[in-house]
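What follows is a set of notes on a single structure, which appears directly below.
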Amino acid sequence: MNQRRSAARKSQRAAFWAASARWHRSVGRWAQREFAVLATLALAAAAVWGFMELAGEVLEGETHALDEAILLALRSATDPSDPLGPGWLEELMRDITALGSTGVLTFITLAVAGFLALDRKTHAALFVVVAVGGGMLLSTALKMGFDRPRPDLVPHGSIVYTASFPSGHSMLAAVVYLTLGALLARVQPRLVLKLYLLGL
């Protein structure tokens with residue numbers, strides 16, 4: 001009889017500790033998710049605040065002198081149409097800049113959306129199209145709102161149709177490449193691969 005009671009107590013203690021361990025794991029996973037959400041919200045809030053500060057400086061004309069100084073520092077003092085550095089560096093910078101051009105970003109977006117649609121992942125394809133389309137609309141609206149003229153100190157490297165702030169190259173490249181990075185990171189099981197894709 002005593003042995004039965006002792007075995008029952010041991011069984012109850014084991015069940016209690018197993019339930020306690022499950023609860024701790026569950027709370028730990030919940031806390032990790034909550035921390036990730038809070039960290040994301042804090043990062044987004046910091047980015048919005050930083051953009052608003054920069055936009056305020058741009059509207060007040062506070063960045064004009066700095067813009068001109070940087071622009072002229074990267075050009076030959078005798079010929080502002082000649083960027084500093086060897087020809088191969090100019091070619092490399094032009095090619096890197098092209099990764100943020102409307103043509104390249106449109107091609108990548110349509111190629112990825114087409115692939116996802118053919119793979120019957122229509123929600124993901126729609127997500128890509130809506131995210132990039134929304135980014136394009138937001139960029140256009142912001143450019144129209146700020147209506148900041150492009151500097152005419154040096155010749156433009158390409159034909160431009162829009163205002164200079166915010167940078168369409170930077171904004172749309174961030175939207176497209178971060179959207180694709182997030183989609184790829186979602187299907188990776190290892191954290192290091194997720195971080196690599198988002199960082200890249």
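Naming scheme: A, B, ... for chains in displayed order of the structure tokens; residues 1 onward per chain; ligands 1 onward as shown.
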Using DSSP on the backbone, list every residue of range 68-133 of chain A that comes out as alpha helix (DSSP H), and give them as a PyMOL selection string. chain A and resi 68-73+87-98+102-118+122-133
Within 10 Å of range 98-108 of chain A, counting only C-alpha atoms, which residues show up once you throw out same-chain ones fewer than 2 positions away? Write them as number ranges by chain, please. A: 92-96, 110-114, 129, 132-133, 136, 168-177, 180
Atoms to include: C-alpha atoms. Write the selected residues as a compact mmCIF listing (two decimals), in the first residue's frame.
# COMPACT_ATOMS: atom_id res chain seq x y z
CA LEU A 92 30.69 49.94 -61.16
CA MET A 93 28.73 52.71 -59.42
CA ARG A 94 26.45 53.12 -62.44
CA ASP A 95 25.75 49.37 -62.45
CA ILE A 96 25.01 49.31 -58.72
CA LEU A 110 7.02 40.86 -62.20
CA ALA A 111 9.41 37.90 -62.44
CA VAL A 112 8.93 37.00 -58.77
CA ALA A 113 5.15 37.54 -58.89
CA GLY A 114 4.96 35.38 -62.02
CA VAL A 129 2.60 43.22 -56.17
CA VAL A 132 5.79 47.18 -54.40
CA GLY A 133 2.82 49.02 -55.94
CA MET A 136 5.64 53.25 -55.72
CA GLY A 168 12.96 56.91 -55.43
CA HIS A 169 15.97 54.64 -56.04
CA SER A 170 16.54 54.13 -52.33
CA MET A 171 12.90 53.85 -51.31
CA LEU A 172 11.77 51.47 -54.05
CA ALA A 173 14.91 49.34 -53.82
CA ALA A 174 14.29 48.99 -50.08
CA VAL A 175 10.64 48.04 -50.66
CA VAL A 176 11.41 45.47 -53.38
CA TYR A 177 14.50 43.86 -51.91
CA LEU A 180 11.73 39.58 -51.32
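Proximity of A:Ser167, A:Ala131, A:Val48, A:Asp147 to Ala182 in chain A, computed with only C-alpha atoms, is greatest for A:Ala131.
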